[in-house]
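Here's the structure, in structure tokens; my notes come after.
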Amino acid sequence: MALRAALRGLLSCSSHGRLCATSTSISQRNNSSSANLKVDHDQTTGVAVMHMQSPPVNSLSLDFLTEICITLDKLEMDKGCRGLIITSSQPKVFCAGLDILEMYGKSPERCGEFWKAVQEMWLKLYGSNMVTIAAINGSSPAGGCLMSITCDYRIMADNPRYSIGLNETKLGIVAPFWFKETMVNTVGHRNTETSLALGLLYKPAEALSIGLVDQLVPEDQVLSVATQTMTKWLAIPEHARQITKSMMRKSTIEKLRSNREADIQNFVNFITKESIQKSLRMYMEMLKQKKA
Ligand code: CO8
């Protein structure tokens with residue numbers, strides 16, 4: 001709680017919704033950093049790059065989700081920010097998904113708070129008026145994949161060591177309806193059905209072939225290609241693009257908005273079950289063994 005309160009203070013030291021500048025070269029740059037996020041906002045182009053830097057693997061804990069949500073709010077309110085690129089500063093990993101430790105051995109109240117923050121991040125990203133591009137420079141399982149598919153466009157490093165997908169069933173858990181719908185909206189019903197049932201993690205070439213990512217590029221070009229792509233998207237008349245995005249995503253967003261409490265309750269009931277806790281424990285042990 002203290003960290004979240006401190007974060008709010010740290011991130012609210014700016015005016016007009018702009019992030020607090022920790023260093024500025026010329027007035028067109030507005031950079032900010034907090035513990036786990038670095039935001040470079042180029043005011044000339046109207047593009048912000050959000051670097052996730054939460055070690056070791058950018059897993060989405062309650063505190064990290066809160067930081068992300070606060071940052072998204074600030075950027076969304078900033079009229080000078082029209083495009084957002086999300087990328088990772090951690091080696092080999094874009095985002096490892098939800099922090100498994102947030103779902104293991106926690107009280108129902110805490111689980112509920114955590115899930116509300118997951119919903120919040122998704123609502124902000126999927127409903128963003130900004131053009132959003134995921135610059136996927138590492139593996140992106142589960143919640144990391146969700147984060148990627150909330151964006152308008154995905155560019156992934158062409159490195160066969162990386163993978164992306166909704167692998168929840170492999171952990172013995174079930175992706176909720178809004179994870180599923182975001183996936184259906186991206187790769188279609190049949191691909192989603194097999195993908196979710198088998199908990200598939202796709203190598204970049206496979207991900208491209210089913211449309212889970214839009215483009216593969218050499219690893220060192222992910223950010224530069226994302227920046228070039230952003231220019232193309234920003235050239236489209238803003239209002240028309242935003243209304244089109246909203247039209248495509250509205251029904252999925254509305255479904256969660258009108259069911260938020262029930263969705264939280266479902267999550268809490270499910271995740272606190274003894275059998276599910278056991279599956280999570282086994283999965284965490286498997287991760288450790290893989291390392292040993
Ligand atoms: N949460 C917490 N800790 C994690 C996570 C995670 N998601 N992923 C990795 N870690 C930890 C590891 O345990 C390890 O810890 P330690 O150093 O203490 O041993 C450390 O991070 C580094 O991990 P690796 O050594 O495995 O790092 P690699 O670079 O070799 O691999 C990967 C990185 C590919 C990301 C790999 O760690 C991995 O596959 N992680 C698991 C990813 C995963 O399966 N995430 C699923 C999370 S669940 C989710 O997002 C959606 C849940 C929806 C819930 C719905 C319920 C109703």
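For the structure tokens, the naming scheme is as follows: chains receive sequential letters (A, B, ...) according to their order of presentation, residues are indexed from 1 within each chain, and ligands are indexed from 1 in presentation order.
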Problem - Residues within 7 Å of ligand 1, counting only C-alpha atoms and all ligand atoms, as a ChimeraX atom specification - result: /A:56-57,59,92-93,95-101,139-144,167-168,171,173-176,267,270-271,284,287-288,291
Take the residues from that selection and write them out as a short mmCIF file (atom, residue, chain, number, x, y, z; two decimals), in the first residue's frame, keeping N, CA, C and O atoms.
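And here's out.cif as it stands now:
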data_model
loop_
_atom_site.label_atom_id
_atom_site.label_comp_id
_atom_site.auth_asym_id
_atom_site.auth_seq_id
_atom_site.Cartn_x
_atom_site.Cartn_y
_atom_site.Cartn_z
N PRO A 56 12.79 -9.74 -12.33
CA PRO A 56 13.64 -10.15 -13.45
C PRO A 56 12.90 -10.23 -14.79
O PRO A 56 13.52 -10.15 -15.83
N VAL A 57 11.55 -10.38 -14.76
CA VAL A 57 10.86 -10.72 -16.02
C VAL A 57 9.61 -9.87 -16.30
O VAL A 57 8.73 -10.27 -17.04
N SER A 59 7.06 -9.37 -14.54
CA SER A 59 5.77 -10.00 -14.20
C SER A 59 4.88 -8.94 -13.55
O SER A 59 5.35 -8.03 -12.86
N LYS A 92 15.62 -10.66 -22.89
CA LYS A 92 14.93 -11.89 -23.34
C LYS A 92 13.44 -11.97 -23.02
O LYS A 92 12.77 -12.91 -23.43
N VAL A 93 12.93 -11.04 -22.23
CA VAL A 93 11.52 -11.14 -21.85
C VAL A 93 10.80 -9.81 -22.09
O VAL A 93 11.27 -8.77 -21.64
N CYS A 95 7.23 -9.60 -21.31
CA CYS A 95 6.50 -9.61 -20.03
C CYS A 95 6.09 -11.05 -19.73
O CYS A 95 5.49 -11.71 -20.59
N ALA A 96 6.40 -11.52 -18.53
CA ALA A 96 6.11 -12.92 -18.15
C ALA A 96 4.66 -13.13 -17.73
O ALA A 96 4.32 -14.19 -17.22
N GLY A 97 3.82 -12.12 -17.92
CA GLY A 97 2.42 -12.28 -17.55
C GLY A 97 2.17 -11.90 -16.11
O GLY A 97 2.99 -11.24 -15.47
N LEU A 98 1.03 -12.34 -15.62
CA LEU A 98 0.70 -11.98 -14.24
C LEU A 98 1.71 -12.59 -13.29
O LEU A 98 2.22 -13.69 -13.52
N ASP A 99 1.97 -11.87 -12.22
CA ASP A 99 2.90 -12.37 -11.22
C ASP A 99 2.23 -13.52 -10.47
O ASP A 99 1.25 -13.32 -9.75
N ILE A 100 2.78 -14.71 -10.66
CA ILE A 100 2.15 -15.90 -10.09
C ILE A 100 2.10 -15.80 -8.56
O ILE A 100 1.15 -16.28 -7.93
N LEU A 101 3.08 -15.13 -7.99
CA LEU A 101 3.10 -15.01 -6.52
C LEU A 101 1.92 -14.18 -5.99
O LEU A 101 1.55 -14.30 -4.83
N SER A 139 10.16 -12.95 -24.76
CA SER A 139 9.00 -13.83 -24.58
C SER A 139 7.84 -13.09 -23.95
O SER A 139 8.02 -12.16 -23.17
N SER A 140 6.64 -13.58 -24.29
CA SER A 140 5.46 -12.84 -23.87
C SER A 140 4.28 -13.80 -23.59
O SER A 140 3.29 -13.81 -24.30
N PRO A 141 4.45 -14.63 -22.54
CA PRO A 141 3.38 -15.59 -22.25
C PRO A 141 2.20 -14.96 -21.50
O PRO A 141 2.35 -13.91 -20.87
N ALA A 142 1.06 -15.61 -21.59
CA ALA A 142 -0.13 -15.32 -20.77
C ALA A 142 -0.46 -13.82 -20.71
O ALA A 142 -0.73 -13.21 -21.73
N GLY A 143 -0.41 -13.23 -19.51
CA GLY A 143 -0.75 -11.81 -19.38
C GLY A 143 0.13 -10.92 -20.24
O GLY A 143 -0.27 -9.81 -20.62
N GLY A 144 1.34 -11.38 -20.57
CA GLY A 144 2.22 -10.62 -21.47
C GLY A 144 1.65 -10.62 -22.88
O GLY A 144 1.70 -9.61 -23.60
N ASN A 167 -1.05 -19.28 -22.39
CA ASN A 167 -0.74 -20.65 -21.95
C ASN A 167 -1.40 -21.01 -20.63
O ASN A 167 -0.95 -21.93 -19.94
N GLU A 168 -2.47 -20.29 -20.26
CA GLU A 168 -3.07 -20.48 -18.94
C GLU A 168 -3.38 -21.93 -18.60
O GLU A 168 -3.15 -22.37 -17.47
N LEU A 171 -0.99 -23.96 -16.75
CA LEU A 171 -0.83 -23.71 -15.31
C LEU A 171 -2.01 -24.31 -14.54
O LEU A 171 -2.11 -24.15 -13.33
N ILE A 173 -5.04 -23.22 -15.02
CA ILE A 173 -6.03 -22.15 -14.83
C ILE A 173 -6.70 -21.82 -16.16
O ILE A 173 -6.27 -22.30 -17.21
N VAL A 174 -7.74 -21.02 -16.08
CA VAL A 174 -8.55 -20.77 -17.27
C VAL A 174 -8.54 -19.28 -17.60
O VAL A 174 -8.82 -18.44 -16.73
N ALA A 175 -8.20 -18.96 -18.83
CA ALA A 175 -8.22 -17.55 -19.25
C ALA A 175 -9.65 -17.03 -19.18
O ALA A 175 -10.56 -17.68 -19.67
N PRO A 176 -9.88 -15.89 -18.54
CA PRO A 176 -11.24 -15.37 -18.44
C PRO A 176 -11.79 -14.91 -19.80
O PRO A 176 -11.04 -14.78 -20.76
N PHE A 267 -12.95 -14.86 -10.26
CA PHE A 267 -11.51 -15.05 -10.15
C PHE A 267 -11.14 -15.47 -8.73
O PHE A 267 -10.40 -16.43 -8.53
N PHE A 270 -12.20 -18.96 -7.88
CA PHE A 270 -11.44 -19.95 -8.65
C PHE A 270 -10.01 -20.08 -8.11
O PHE A 270 -9.54 -21.17 -7.80
N ILE A 271 -9.37 -18.94 -7.98
CA ILE A 271 -7.92 -18.96 -7.70
C ILE A 271 -7.62 -19.42 -6.26
O ILE A 271 -6.55 -19.95 -5.99
N MET A 284 5.14 -23.35 -10.34
CA MET A 284 6.29 -22.57 -9.86
C MET A 284 7.49 -23.47 -9.63
O MET A 284 8.63 -23.11 -9.93
N LEU A 287 9.07 -24.23 -12.87
CA LEU A 287 9.89 -23.10 -13.36
C LEU A 287 11.28 -23.14 -12.71
O LEU A 287 12.29 -22.91 -13.35
N LYS A 288 11.28 -23.42 -11.39
CA LYS A 288 12.57 -23.47 -10.67
C LYS A 288 13.43 -24.62 -11.18
O LYS A 288 14.63 -24.46 -11.38
N LYS A 291 15.18 -24.15 -14.35
CA LYS A 291 16.34 -23.29 -14.17
C LYS A 291 17.57 -24.07 -13.68
O LYS A 291 18.69 -23.79 -14.06
#
With the cut-off set at 10 Å and counting only C-alpha atoms, tabulate each residue of stretch 161-264 of chain A with an atom at most that distance from an atom of stretch 112-126 of chain A, showing the nearest atom pair and its distance in Å to one decimal, ordered by chain and increasing number, as a tab-separated table.
residue	atom	partner	partner_atom	distance
A:Trp178	CA	A:Trp122	CA	9.0
A:Phe179	CA	A:Trp122	CA	9.1
A:Thr182	CA	A:Tyr126	CA	8.7
A:Lys245	CA	A:Tyr126	CA	9.3
A:Ser246	CA	A:Tyr126	CA	9.1
A:Arg249	CA	A:Tyr126	CA	7.5
A:Lys250	CA	A:Tyr126	CA	9.3
A:Thr252	CA	A:Tyr126	CA	9.4
A:Ile253	CA	A:Leu123	CA	6.8
A:Glu254	CA	A:Leu123	CA	9.6
A:Leu256	CA	A:Gln119	CA	8.2
A:Arg257	CA	A:Leu123	CA	8.3
A:Arg260	CA	A:Gln119	CA	7.9
A:Glu261	CA	A:Lys116	CA	8.7
A:Asp263	CA	A:Trp115	CA	8.7
A:Ile264	CA	A:Gly112	CA	5.9
Exercise for the section: Would you please extract all strand (DSSP E) residues from stretch 11-227 of chain A, as assigned by DSSP on the backbone, and give them as a PyMOL selection string? Expected result: chain A and resi 29-33+37-42+47-52+83-88+131-136+140-141+153-157+164-165+215-217
Just the selected residues (C-alpha atoms), exported as a tab-separated table (two decimals), in the first residue's frame, please.
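New file result34.tsv:
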chain	number	residue	atom	x	y	z
A	29	ARG	CA	11.44	15.75	-24.67
A	30	ASN	CA	9.64	14.75	-21.56
A	31	ASN	CA	11.16	11.75	-19.84
A	32	SER	CA	10.08	10.16	-16.63
A	33	SER	CA	11.09	7.14	-14.64
A	37	LEU	CA	8.88	1.99	-15.78
A	38	LYS	CA	10.75	4.46	-17.92
A	39	VAL	CA	8.77	6.70	-20.23
A	40	ASP	CA	10.40	8.67	-23.04
A	41	HIS	CA	7.87	11.10	-24.42
A	42	ASP	CA	8.90	12.92	-27.58
A	47	VAL	CA	4.96	9.45	-29.25
A	48	ALA	CA	5.77	7.99	-25.84
A	49	VAL	CA	7.85	4.85	-25.39
A	50	MET	CA	7.12	2.97	-22.20
A	51	HIS	CA	9.99	0.69	-21.19
A	52	MET	CA	9.06	-1.99	-18.67
A	83	GLY	CA	0.96	7.26	-29.71
A	84	LEU	CA	2.34	4.76	-27.22
A	85	ILE	CA	4.96	2.09	-27.83
A	86	ILE	CA	5.32	-0.54	-25.13
A	87	THR	CA	8.58	-2.43	-24.86
A	88	SER	CA	10.85	-4.11	-22.34
A	131	VAL	CA	-2.29	4.43	-31.16
A	132	THR	CA	-0.67	1.60	-29.23
A	133	ILE	CA	2.13	-0.60	-30.56
A	134	ALA	CA	3.71	-3.54	-28.76
A	135	ALA	CA	7.43	-3.77	-29.51
A	136	ILE	CA	7.85	-7.35	-28.35
A	140	SER	CA	5.46	-12.84	-23.87
A	141	PRO	CA	3.38	-15.59	-22.25
A	153	TYR	CA	-0.18	-3.45	-33.75
A	154	ARG	CA	2.48	-5.98	-32.72
A	155	ILE	CA	6.08	-6.12	-33.87
A	156	MET	CA	8.09	-9.05	-32.54
A	157	ALA	CA	11.80	-9.85	-32.51
A	164	ILE	CA	4.05	-15.69	-27.18
A	165	GLY	CA	0.60	-17.06	-26.35
A	215	GLN	CA	5.44	-8.23	-38.21
A	216	LEU	CA	8.77	-9.89	-37.38
A	217	VAL	CA	11.98	-7.93	-37.48
Problem - Two-atom distance - atom CA of A:Lys290, atom CA of A:Tyr162 (Å) - result: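 It comes out at 15.8 Å.
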Exercise for the section: Show which residues sit within 9 Å of A:Thr192, as a list of chain:residue names. Count only C-alpha atoms, and ignore same-chain residues fewer than 5 positions away. Expected result: A:Lys180, A:Glu181, A:Met183, A:Val184, A:Thr186, A:Val187, A:Ala197
Store the residues picked out above, limited to all heavy atoms, as a PDB file, in the first residue's frame.
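The new file selection-v3.pdb reads:
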ATOM      1  N   LYS A 180     -10.059 -14.259 -23.616  1.00  0.00           N
ATOM      2  CA  LYS A 180     -10.480 -15.070 -24.762  1.00  0.00           C
ATOM      3  C   LYS A 180     -10.988 -14.173 -25.893  1.00  0.00           C
ATOM      4  O   LYS A 180     -10.622 -14.324 -27.046  1.00  0.00           O
ATOM      5  CB  LYS A 180     -11.564 -16.049 -24.291  1.00  0.00           C
ATOM      6  CG  LYS A 180     -12.130 -16.972 -25.313  1.00  0.00           C
ATOM      7  CD  LYS A 180     -13.427 -16.525 -25.920  1.00  0.00           C
ATOM      8  CE  LYS A 180     -14.593 -16.443 -24.979  1.00  0.00           C
ATOM      9  NZ  LYS A 180     -15.818 -15.909 -25.588  1.00  0.00           N
ATOM     10  N   GLU A 181     -11.828 -13.191 -25.541  1.00  0.00           N
ATOM     11  CA  GLU A 181     -12.405 -12.345 -26.604  1.00  0.00           C
ATOM     12  C   GLU A 181     -11.350 -11.476 -27.273  1.00  0.00           C
ATOM     13  O   GLU A 181     -11.416 -11.229 -28.475  1.00  0.00           O
ATOM     14  CB  GLU A 181     -13.537 -11.482 -26.038  1.00  0.00           C
ATOM     15  CG  GLU A 181     -14.717 -12.352 -25.700  1.00  0.00           C
ATOM     16  CD  GLU A 181     -16.064 -11.667 -25.842  1.00  0.00           C
ATOM     17  OE1 GLU A 181     -16.120 -10.486 -26.247  1.00  0.00           O
ATOM     18  OE2 GLU A 181     -17.054 -12.336 -25.526  1.00  0.00           O
ATOM     19  N   MET A 183      -8.374 -12.305 -27.732  1.00  0.00           N
ATOM     20  CA  MET A 183      -7.660 -13.243 -28.623  1.00  0.00           C
ATOM     21  C   MET A 183      -8.514 -13.527 -29.871  1.00  0.00           C
ATOM     22  O   MET A 183      -7.994 -13.506 -30.999  1.00  0.00           O
ATOM     23  CB  MET A 183      -7.370 -14.529 -27.843  1.00  0.00           C
ATOM     24  CG  MET A 183      -6.500 -15.511 -28.559  1.00  0.00           C
ATOM     25  SD  MET A 183      -4.769 -14.958 -28.590  1.00  0.00           S
ATOM     26  CE  MET A 183      -3.972 -16.512 -29.009  1.00  0.00           C
ATOM     27  N   VAL A 184      -9.809 -13.783 -29.678  1.00  0.00           N
ATOM     28  CA  VAL A 184     -10.692 -14.025 -30.834  1.00  0.00           C
ATOM     29  C   VAL A 184     -10.649 -12.818 -31.768  1.00  0.00           C
ATOM     30  O   VAL A 184     -10.548 -12.953 -32.993  1.00  0.00           O
ATOM     31  CB  VAL A 184     -12.153 -14.294 -30.380  1.00  0.00           C
ATOM     32  CG1 VAL A 184     -13.108 -14.290 -31.575  1.00  0.00           C
ATOM     33  CG2 VAL A 184     -12.256 -15.623 -29.640  1.00  0.00           C
ATOM     34  N   THR A 186      -8.342 -10.961 -32.318  1.00  0.00           N
ATOM     35  CA  THR A 186      -7.030 -10.850 -32.969  1.00  0.00           C
ATOM     36  C   THR A 186      -6.793 -11.968 -33.981  1.00  0.00           C
ATOM     37  O   THR A 186      -6.380 -11.712 -35.106  1.00  0.00           O
ATOM     38  CB  THR A 186      -5.899 -10.886 -31.897  1.00  0.00           C
ATOM     39  OG1 THR A 186      -6.204  -9.937 -30.882  1.00  0.00           O
ATOM     40  CG2 THR A 186      -4.542 -10.555 -32.503  1.00  0.00           C
ATOM     41  N   VAL A 187      -7.061 -13.218 -33.576  1.00  0.00           N
ATOM     42  CA  VAL A 187      -6.679 -14.346 -34.459  1.00  0.00           C
ATOM     43  C   VAL A 187      -7.871 -15.203 -34.906  1.00  0.00           C
ATOM     44  O   VAL A 187      -7.681 -16.210 -35.578  1.00  0.00           O
ATOM     45  CB  VAL A 187      -5.611 -15.261 -33.792  1.00  0.00           C
ATOM     46  CG1 VAL A 187      -4.341 -14.494 -33.508  1.00  0.00           C
ATOM     47  CG2 VAL A 187      -6.146 -15.917 -32.517  1.00  0.00           C
ATOM     48  N   ALA A 197      -7.170 -23.993 -25.554  1.00  0.00           N
ATOM     49  CA  ALA A 197      -7.354 -25.345 -25.020  1.00  0.00           C
ATOM     50  C   ALA A 197      -6.003 -25.999 -24.732  1.00  0.00           C
ATOM     51  O   ALA A 197      -5.812 -26.635 -23.691  1.00  0.00           O
ATOM     52  CB  ALA A 197      -8.150 -26.192 -26.010  1.00  0.00           C
TER      53      ALA A 197
END
Exercise for the section: Using DSSP on the backbone, list every residue of stretch 15-241 of chain A that comes out as alpha helix (DSSP H), and give them as a PyMOL selection string. Expected result: chain A and resi 62-77+108-126+143-149+177-187+189-198+204-210+222-234+238-241
Handout entry: Which residue of A:Ser34, A:Thr272, A:Thr45, A:Gln90 approaches A:Asp63 most closely, using only C-alpha atoms
Key = A:Ser34
